[in-house]
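Participant: Once you've had a glance at the structure underneath, I'll fire off some questions.
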Amino acid sequence: EAQVTQNPRYLITVTGKKLTVTCSQNMNHEYMSWYRQDPGLGLRQIYYSMNVEVTDKGDVPEGYKVSRKEKRNFPLILESPSPNQTSLYFCASSPALEGEQYFGPGTRLTVT
Amino acid sequence: QQQVKQSPQSLIVQKGGISIINCAYENTAFDYFPWYQQFPGKGPALLIAIRPDVSEKKEGRFTISFNKSAKQFSLHIMDSQPGDSATYFCAPYRGSGNTGKLIFGQGTTLQVKP
């Protein structure tokens, strides 16, 4: 089944404890992206990747890192999480920038 | 920064009624105008999209109307059903020459009452 998977789905952590949210797609898509969703603010792009080893900042990249060593994986790294990073995170992929974005199921992160 | 403004923020419609959600944008270079639908606990999924060479596209009960001069496009849901209750996002963008940045609207929460 063609899909985007994210792990974990739910995470509660403490301020400053490094964490990684994994994202994997099995559709051989070149483009991948991370978003956070907050009430009243919609979906805001954190980072995106046009292809392997090519990443760039979205609108809200502060406090986040990403890497794209393989085409299928695009992990989101929070080196020192803070409470303002409590949010719902989505990974998405598409075969090219033009066209449908396929979203993962989301990761709900709480930082205390 | 490219701006995308979606309205209304929330909408309550009776079953069988028409739901209308609007998306206004600033960048005249946008050439792909999608609407995404998100159910609670799920990721967004593409619902319907339009390119600027047509002014309207219909898929079942869902219609996109595109007004290039006004720089806005709308989603119309005819004969709205309780199963349409979801959050809707517009996400216009420029396909060719885009650096990869995508901007979504703020979202519209639709509730269809039985």
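Please note that chains go A, B, ... in the order of the structure tokens, that every chain numbers its residues from 1, and that ligands are numbered from 1 in the order shown.
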Each residue of chain B lying at most 9 Å from chain A should get a row with its shortest atom-to-atom pair and the distance in Å to one decimal, counting only C-alpha atoms; could you produce that, ordered by chain and increasing number, as JSON lines?

Facilitator:
```
{"residue": "B:Gln1", "atom": "CA", "partner": "A:Asp59", "partner_atom": "CA", "distance": 8.9}
{"residue": "B:Gln9", "atom": "CA", "partner": "A:Gly40", "partner_atom": "CA", "distance": 7.8}
{"residue": "B:Tyr32", "atom": "CA", "partner": "A:Glu98", "partner_atom": "CA", "distance": 7.8}
{"residue": "B:Pro34", "atom": "CA", "partner": "A:Glu100", "partner_atom": "CA", "distance": 8.3}
{"residue": "B:Gly41", "atom": "CA", "partner": "A:Pro105", "partner_atom": "CA", "distance": 7.5}
{"residue": "B:Lys42", "atom": "CA", "partner": "A:Pro105", "partner_atom": "CA", "distance": 5.3}
{"residue": "B:Gly43", "atom": "CA", "partner": "A:Pro105", "partner_atom": "CA", "distance": 4.8}
{"residue": "B:Pro44", "atom": "CA", "partner": "A:Phe103", "partner_atom": "CA", "distance": 6.1}
{"residue": "B:Ala45", "atom": "CA", "partner": "A:Tyr102", "partner_atom": "CA", "distance": 6.7}
{"residue": "B:Leu46", "atom": "CA", "partner": "A:Glu100", "partner_atom": "CA", "distance": 6.4}
{"residue": "B:Ala49", "atom": "CA", "partner": "A:Glu100", "partner_atom": "CA", "distance": 8.9}
{"residue": "B:Phe89", "atom": "CA", "partner": "A:Gly42", "partner_atom": "CA", "distance": 7.7}
{"residue": "B:Tyr93", "atom": "CA", "partner": "A:Glu98", "partner_atom": "CA", "distance": 8.6}
{"residue": "B:Arg94", "atom": "CA", "partner": "A:Glu98", "partner_atom": "CA", "distance": 8.0}
{"residue": "B:Gly95", "atom": "CA", "partner": "A:Glu98", "partner_atom": "CA", "distance": 4.9}
{"residue": "B:Ser96", "atom": "CA", "partner": "A:Glu98", "partner_atom": "CA", "distance": 7.6}
{"residue": "B:Asn98", "atom": "CA", "partner": "A:Leu97", "partner_atom": "CA", "distance": 7.7}
{"residue": "B:Thr99", "atom": "CA", "partner": "A:Met50", "partner_atom": "CA", "distance": 8.4}
{"residue": "B:Gly100", "atom": "CA", "partner": "A:Leu97", "partner_atom": "CA", "distance": 6.6}
{"residue": "B:Lys101", "atom": "CA", "partner": "A:Gly58", "partner_atom": "CA", "distance": 5.9}
{"residue": "B:Leu102", "atom": "CA", "partner": "A:Gln45", "partner_atom": "CA", "distance": 6.7}
{"residue": "B:Ile103", "atom": "CA", "partner": "A:Arg44", "partner_atom": "CA", "distance": 6.8}
{"residue": "B:Phe104", "atom": "CA", "partner": "A:Leu43", "partner_atom": "CA", "distance": 5.7}
{"residue": "B:Gly105", "atom": "CA", "partner": "A:Gly42", "partner_atom": "CA", "distance": 6.0}
{"residue": "B:Gln106", "atom": "CA", "partner": "A:Gly42", "partner_atom": "CA", "distance": 3.9}
{"residue": "B:Gly107", "atom": "CA", "partner": "A:Gly42", "partner_atom": "CA", "distance": 5.3}
{"residue": "B:Thr108", "atom": "CA", "partner": "A:Gly42", "partner_atom": "CA", "distance": 8.8}
```

Participant: Would you save the residues from that selection as a compact mmCIF listing (two decimals), in the first residue's frame, using N, CA, C and O atoms?

Facilitator:
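Saved file part.txt follows:
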```
# COMPACT_ATOMS: atom_id res chain seq x y z
N GLN B 1 6.63 37.80 2.14
CA GLN B 1 6.11 36.44 2.26
C GLN B 1 4.77 36.36 1.55
O GLN B 1 3.94 37.23 1.65
N GLN B 9 -13.34 31.00 9.10
CA GLN B 9 -12.53 30.12 9.94
C GLN B 9 -13.33 28.88 10.33
O GLN B 9 -12.78 27.79 10.47
N TYR B 32 -1.51 26.42 -9.58
CA TYR B 32 -2.16 25.18 -9.15
C TYR B 32 -2.91 25.51 -7.88
O TYR B 32 -2.35 26.11 -6.96
N PRO B 34 -5.24 23.80 -5.16
CA PRO B 34 -5.88 22.63 -4.57
C PRO B 34 -6.63 22.95 -3.28
O PRO B 34 -6.33 23.92 -2.59
N GLY B 41 -7.99 13.45 13.48
CA GLY B 41 -7.08 12.34 13.70
C GLY B 41 -6.38 11.84 12.46
O GLY B 41 -5.65 10.84 12.52
N LYS B 42 -6.58 12.50 11.35
CA LYS B 42 -5.98 12.07 10.08
C LYS B 42 -5.15 13.18 9.47
O LYS B 42 -5.27 14.35 9.83
N GLY B 43 -4.29 12.81 8.52
CA GLY B 43 -3.59 13.81 7.76
C GLY B 43 -4.47 14.37 6.64
O GLY B 43 -5.42 13.72 6.22
N PRO B 44 -4.17 15.57 6.16
CA PRO B 44 -4.94 16.12 5.05
C PRO B 44 -4.80 15.25 3.81
O PRO B 44 -3.79 14.56 3.62
N ALA B 45 -5.81 15.29 2.96
CA ALA B 45 -5.79 14.56 1.70
C ALA B 45 -6.37 15.45 0.61
O ALA B 45 -7.31 16.21 0.86
N LEU B 46 -5.80 15.35 -0.57
CA LEU B 46 -6.27 16.18 -1.68
C LEU B 46 -7.72 15.86 -1.99
O LEU B 46 -8.10 14.71 -2.16
N ALA B 49 -8.65 19.94 -7.20
CA ALA B 49 -7.70 20.99 -7.57
C ALA B 49 -8.05 21.52 -8.95
O ALA B 49 -8.67 20.82 -9.75
N PHE B 89 -8.44 22.97 3.79
CA PHE B 89 -7.30 23.87 3.57
C PHE B 89 -7.12 24.16 2.08
O PHE B 89 -7.21 23.25 1.27
N TYR B 93 -0.13 27.19 -5.20
CA TYR B 93 1.31 27.35 -5.40
C TYR B 93 1.67 27.45 -6.86
O TYR B 93 0.87 27.21 -7.74
N ARG B 94 2.90 27.81 -7.07
CA ARG B 94 3.47 27.93 -8.41
C ARG B 94 4.27 26.68 -8.68
O ARG B 94 5.22 26.38 -7.96
N GLY B 95 3.88 25.92 -9.67
CA GLY B 95 4.55 24.66 -9.93
C GLY B 95 5.91 24.84 -10.56
O GLY B 95 6.91 24.38 -10.03
N SER B 96 5.97 25.52 -11.68
CA SER B 96 7.24 25.65 -12.38
C SER B 96 8.09 26.74 -11.73
O SER B 96 7.61 27.82 -11.43
N ASN B 98 9.24 26.77 -8.82
CA ASN B 98 9.07 26.91 -7.38
C ASN B 98 10.30 26.36 -6.65
O ASN B 98 10.86 25.35 -7.03
N THR B 99 10.67 27.03 -5.57
CA THR B 99 11.82 26.58 -4.80
C THR B 99 11.46 25.41 -3.89
O THR B 99 12.34 24.74 -3.38
N GLY B 100 10.19 25.17 -3.69
CA GLY B 100 9.78 24.09 -2.80
C GLY B 100 8.94 24.56 -1.64
O GLY B 100 8.35 23.77 -0.93
N LYS B 101 8.88 25.86 -1.42
CA LYS B 101 8.06 26.41 -0.32
C LYS B 101 6.58 26.31 -0.66
O LYS B 101 6.17 26.65 -1.76
N LEU B 102 5.83 25.83 0.28
CA LEU B 102 4.38 25.73 0.13
C LEU B 102 3.70 26.45 1.29
O LEU B 102 4.18 26.38 2.42
N ILE B 103 2.61 27.12 1.00
CA ILE B 103 1.86 27.83 2.03
C ILE B 103 0.42 27.36 2.01
O ILE B 103 -0.22 27.33 0.97
N PHE B 104 -0.07 27.00 3.19
CA PHE B 104 -1.45 26.57 3.34
C PHE B 104 -2.26 27.69 3.97
O PHE B 104 -1.75 28.50 4.74
N GLY B 105 -3.55 27.70 3.65
CA GLY B 105 -4.45 28.61 4.34
C GLY B 105 -4.60 28.20 5.79
O GLY B 105 -4.13 27.15 6.22
N GLN B 106 -5.30 29.04 6.56
CA GLN B 106 -5.43 28.82 7.99
C GLN B 106 -6.39 27.70 8.34
O GLN B 106 -6.44 27.23 9.46
N GLY B 107 -7.17 27.25 7.34
CA GLY B 107 -8.10 26.15 7.57
C GLY B 107 -9.50 26.64 7.89
O GLY B 107 -9.68 27.68 8.52
N THR B 108 -10.49 25.88 7.44
CA THR B 108 -11.90 26.14 7.74
C THR B 108 -12.50 24.86 8.31
O THR B 108 -12.45 23.82 7.65
```

Participant: Extract, using only C-alpha atoms, all DNA, RNA and protein residues at most 6 Å from A:Arg72, discarding same-chain residues fewer than 2 positions from it, and format them as a VMD selection string.

Facilitator: chain A and resid 24 to 25 70

Participant: Taking only C-alpha atoms into account, name the residue in B:Ala91, B:Ile48, B:Ile12, B:Leu75 that is nearest to B:Tyr25.

Facilitator: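 Closest to B:Tyr25, using only C-alpha atoms: B:Ala91.
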
Participant: When you look at B:Pro114 with a cut-off of 12 Å (counting only C-alpha atoms), what residues show up, excluding the ones that are within fewer than 2 positions of it in the same chain? I need them as a compact mmCIF listing (two decimals) with all heavy atoms, in the first residue's frame.

Facilitator:
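Listed below is the output, selection.txt:
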```
# COMPACT_ATOMS: atom_id res chain seq x y z
N ILE B 12 -20.96 26.36 9.98
CA ILE B 12 -21.96 25.37 10.37
C ILE B 12 -23.07 25.41 9.33
O ILE B 12 -23.62 26.48 9.04
CB ILE B 12 -22.52 25.64 11.77
CG1 ILE B 12 -21.40 25.61 12.81
CG2 ILE B 12 -23.60 24.62 12.12
CD1 ILE B 12 -21.85 26.00 14.21
N VAL B 13 -23.36 24.25 8.76
CA VAL B 13 -24.35 24.15 7.69
C VAL B 13 -25.31 23.01 8.01
O VAL B 13 -24.90 21.99 8.58
CB VAL B 13 -23.65 23.89 6.34
CG1 VAL B 13 -24.64 23.62 5.23
CG2 VAL B 13 -22.75 25.07 5.98
N GLN B 14 -26.55 23.19 7.64
CA GLN B 14 -27.51 22.12 7.82
C GLN B 14 -27.35 21.09 6.70
O GLN B 14 -26.96 21.43 5.57
CB GLN B 14 -28.94 22.65 7.80
CG GLN B 14 -29.32 23.50 9.00
CD GLN B 14 -29.35 22.67 10.28
OE1 GLN B 14 -28.75 23.04 11.28
NE2 GLN B 14 -30.06 21.55 10.26
N LYS B 15 -27.64 19.86 7.01
CA LYS B 15 -27.61 18.79 6.00
C LYS B 15 -28.43 19.20 4.79
O LYS B 15 -29.55 19.67 4.92
CB LYS B 15 -28.16 17.50 6.61
CG LYS B 15 -28.18 16.33 5.64
CD LYS B 15 -28.78 15.09 6.29
CE LYS B 15 -28.91 13.95 5.28
NZ LYS B 15 -29.53 12.75 5.89
N GLY B 16 -27.84 19.00 3.61
CA GLY B 16 -28.50 19.38 2.38
C GLY B 16 -28.19 20.77 1.90
O GLY B 16 -28.53 21.13 0.76
N GLY B 17 -27.58 21.56 2.74
CA GLY B 17 -27.25 22.94 2.38
C GLY B 17 -25.96 23.04 1.56
O GLY B 17 -25.32 22.04 1.26
N ASP B 79 -25.30 20.01 -1.43
CA ASP B 79 -25.98 18.95 -0.68
C ASP B 79 -25.07 18.43 0.43
O ASP B 79 -24.76 17.24 0.52
CB ASP B 79 -26.37 17.81 -1.64
CG ASP B 79 -27.21 16.73 -0.98
OD1 ASP B 79 -27.91 17.05 0.00
OD2 ASP B 79 -27.12 15.57 -1.43
N SER B 80 -24.59 19.34 1.26
CA SER B 80 -23.64 18.99 2.32
C SER B 80 -24.18 17.87 3.22
O SER B 80 -25.37 17.86 3.56
CB SER B 80 -23.32 20.23 3.16
OG SER B 80 -22.72 21.23 2.37
N GLN B 81 -23.30 16.96 3.58
CA GLN B 81 -23.64 15.80 4.39
C GLN B 81 -22.82 15.80 5.70
O GLN B 81 -21.71 16.34 5.73
CB GLN B 81 -23.37 14.52 3.62
CG GLN B 81 -24.16 14.39 2.34
CD GLN B 81 -25.66 14.31 2.60
OE1 GLN B 81 -26.10 13.53 3.44
NE2 GLN B 81 -26.43 15.11 1.87
N PRO B 82 -23.36 15.18 6.75
CA PRO B 82 -22.58 15.10 8.00
C PRO B 82 -21.19 14.52 7.79
O PRO B 82 -20.23 14.90 8.48
CB PRO B 82 -23.45 14.21 8.88
CG PRO B 82 -24.84 14.48 8.41
CD PRO B 82 -24.73 14.66 6.92
N GLY B 83 -21.03 13.62 6.83
CA GLY B 83 -19.73 13.04 6.53
C GLY B 83 -18.73 14.02 5.92
O GLY B 83 -17.55 13.71 5.81
N ASP B 84 -19.24 15.20 5.52
CA ASP B 84 -18.33 16.24 5.00
C ASP B 84 -17.72 17.07 6.13
O ASP B 84 -16.86 17.93 5.87
CB ASP B 84 -19.12 17.19 4.08
CG ASP B 84 -19.68 16.50 2.85
OD1 ASP B 84 -19.06 15.52 2.40
OD2 ASP B 84 -20.74 16.94 2.37
N SER B 85 -18.17 16.83 7.36
CA SER B 85 -17.63 17.57 8.50
C SER B 85 -16.14 17.29 8.62
O SER B 85 -15.72 16.14 8.82
CB SER B 85 -18.37 17.18 9.79
OG SER B 85 -19.73 17.52 9.70
N GLN B 111 -18.82 22.07 9.98
CA GLN B 111 -19.70 21.15 10.70
C GLN B 111 -21.03 21.11 9.96
O GLN B 111 -21.67 22.14 9.78
CB GLN B 111 -19.91 21.60 12.14
CG GLN B 111 -20.79 20.64 12.94
CD GLN B 111 -21.07 21.14 14.35
OE1 GLN B 111 -20.56 22.17 14.79
NE2 GLN B 111 -21.91 20.42 15.07
N VAL B 112 -21.42 19.91 9.55
CA VAL B 112 -22.71 19.75 8.88
C VAL B 112 -23.66 19.07 9.86
O VAL B 112 -23.43 17.93 10.27
CB VAL B 112 -22.59 18.91 7.60
CG1 VAL B 112 -23.95 18.77 6.92
CG2 VAL B 112 -21.58 19.54 6.65
```

Participant: Quick one, how far is atom CA of B:Lys5 from atom CA of B:Asn22?

Facilitator: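 Spanning atom CA of B:Lys5 to atom CA of B:Asn22 is a straight-line distance of 8.2 Å.
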
Participant: Using the chain letters and numbers from this document, which residues of chain B does DSSP assign to strand (DSSP E), as a ChimeraX atom specification?

Facilitator: /B:4-7,10-14,19-25,33-38,45-50,56-59,62-67,72-77,86-90,108-113

Participant: May I have the selected residues written with C-alpha atoms, as an mmCIF file, in the first residue's frame?

Facilitator:
```cif
data_model
loop_
_atom_site.group_PDB
_atom_site.id
_atom_site.type_symbol
_atom_site.label_atom_id
_atom_site.label_comp_id
_atom_site.auth_asym_id
_atom_site.auth_seq_id
_atom_site.Cartn_x
_atom_site.Cartn_y
_atom_site.Cartn_z
ATOM 1 C CA VAL B 4 -2.929 33.073 1.614
ATOM 2 C CA LYS B 5 -6.105 34.006 3.448
ATOM 3 C CA GLN B 6 -8.903 31.540 3.937
ATOM 4 C CA SER B 7 -12.426 32.327 5.114
ATOM 5 C CA SER B 10 -15.500 27.955 10.839
ATOM 6 C CA LEU B 11 -18.797 27.119 9.213
ATOM 7 C CA ILE B 12 -21.957 25.369 10.367
ATOM 8 C CA VAL B 13 -24.354 24.147 7.691
ATOM 9 C CA GLN B 14 -27.509 22.117 7.816
ATOM 10 C CA SER B 19 -21.027 25.087 2.065
ATOM 11 C CA ILE B 20 -18.767 27.757 0.591
ATOM 12 C CA ILE B 21 -15.151 28.324 1.589
ATOM 13 C CA ASN B 22 -12.990 31.035 0.073
ATOM 14 C CA CYS B 23 -9.259 31.374 -0.443
ATOM 15 C CA ALA B 24 -7.595 34.651 -1.402
ATOM 16 C CA TYR B 25 -3.974 34.836 -2.517
ATOM 17 C CA PHE B 33 -5.077 25.638 -6.779
ATOM 18 C CA PRO B 34 -5.881 22.627 -4.574
ATOM 19 C CA TRP B 35 -8.211 22.067 -1.668
ATOM 20 C CA TYR B 36 -7.304 19.522 0.991
ATOM 21 C CA GLN B 37 -9.738 17.814 3.368
ATOM 22 C CA GLN B 38 -8.727 16.690 6.843
ATOM 23 C CA ALA B 45 -5.794 14.555 1.700
ATOM 24 C CA LEU B 46 -6.272 16.181 -1.676
ATOM 25 C CA LEU B 47 -9.946 16.760 -2.373
ATOM 26 C CA ILE B 48 -10.018 18.672 -5.637
ATOM 27 C CA ALA B 49 -7.703 20.985 -7.566
ATOM 28 C CA ILE B 50 -7.890 23.371 -10.493
ATOM 29 C CA GLU B 56 -14.643 25.957 -12.680
ATOM 30 C CA LYS B 57 -14.150 22.285 -11.970
ATOM 31 C CA LYS B 58 -16.743 19.923 -10.597
ATOM 32 C CA GLU B 59 -16.249 16.514 -9.025
ATOM 33 C CA PHE B 62 -17.549 19.406 -4.848
ATOM 34 C CA THR B 63 -16.855 22.372 -7.127
ATOM 35 C CA ILE B 64 -13.926 24.748 -7.346
ATOM 36 C CA SER B 65 -14.639 28.211 -8.733
ATOM 37 C CA PHE B 66 -11.621 30.236 -9.794
ATOM 38 C CA ASN B 67 -11.565 34.015 -10.201
ATOM 39 C CA GLN B 72 -9.333 34.014 -5.210
ATOM 40 C CA PHE B 73 -10.817 30.562 -5.528
ATOM 41 C CA SER B 74 -13.643 28.914 -3.696
ATOM 42 C CA LEU B 75 -14.775 25.457 -2.697
ATOM 43 C CA HIS B 76 -18.486 24.759 -2.959
ATOM 44 C CA ILE B 77 -19.971 21.669 -1.361
ATOM 45 C CA ALA B 86 -13.887 18.181 8.403
ATOM 46 C CA THR B 87 -11.254 20.881 8.176
ATOM 47 C CA TYR B 88 -10.529 22.239 4.701
ATOM 48 C CA PHE B 89 -7.297 23.873 3.571
ATOM 49 C CA CYS B 90 -6.399 25.720 0.413
ATOM 50 C CA THR B 108 -11.896 26.143 7.745
ATOM 51 C CA THR B 109 -13.671 23.821 10.133
ATOM 52 C CA LEU B 110 -16.949 22.688 8.612
ATOM 53 C CA GLN B 111 -19.698 21.148 10.699
ATOM 54 C CA VAL B 112 -22.708 19.746 8.879
ATOM 55 C CA LYS B 113 -25.658 19.255 11.203
#
```

Participant: Using only C-alpha atoms, which of the listed residues (A:Pro81, A:Val111, A:Asn73, A:Gly63) sits closest to A:Asn7?

Facilitator: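 The answer is A:Asn73, which sits nearest to A:Asn7.
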
Participant: Could you check the closest approach to A:Pro75 for each of A:Thr112, A:Asn28, A:Thr13, A:Gln6 and tell me which residue wins, using only C-alpha atoms?

Facilitator: A:Gln6
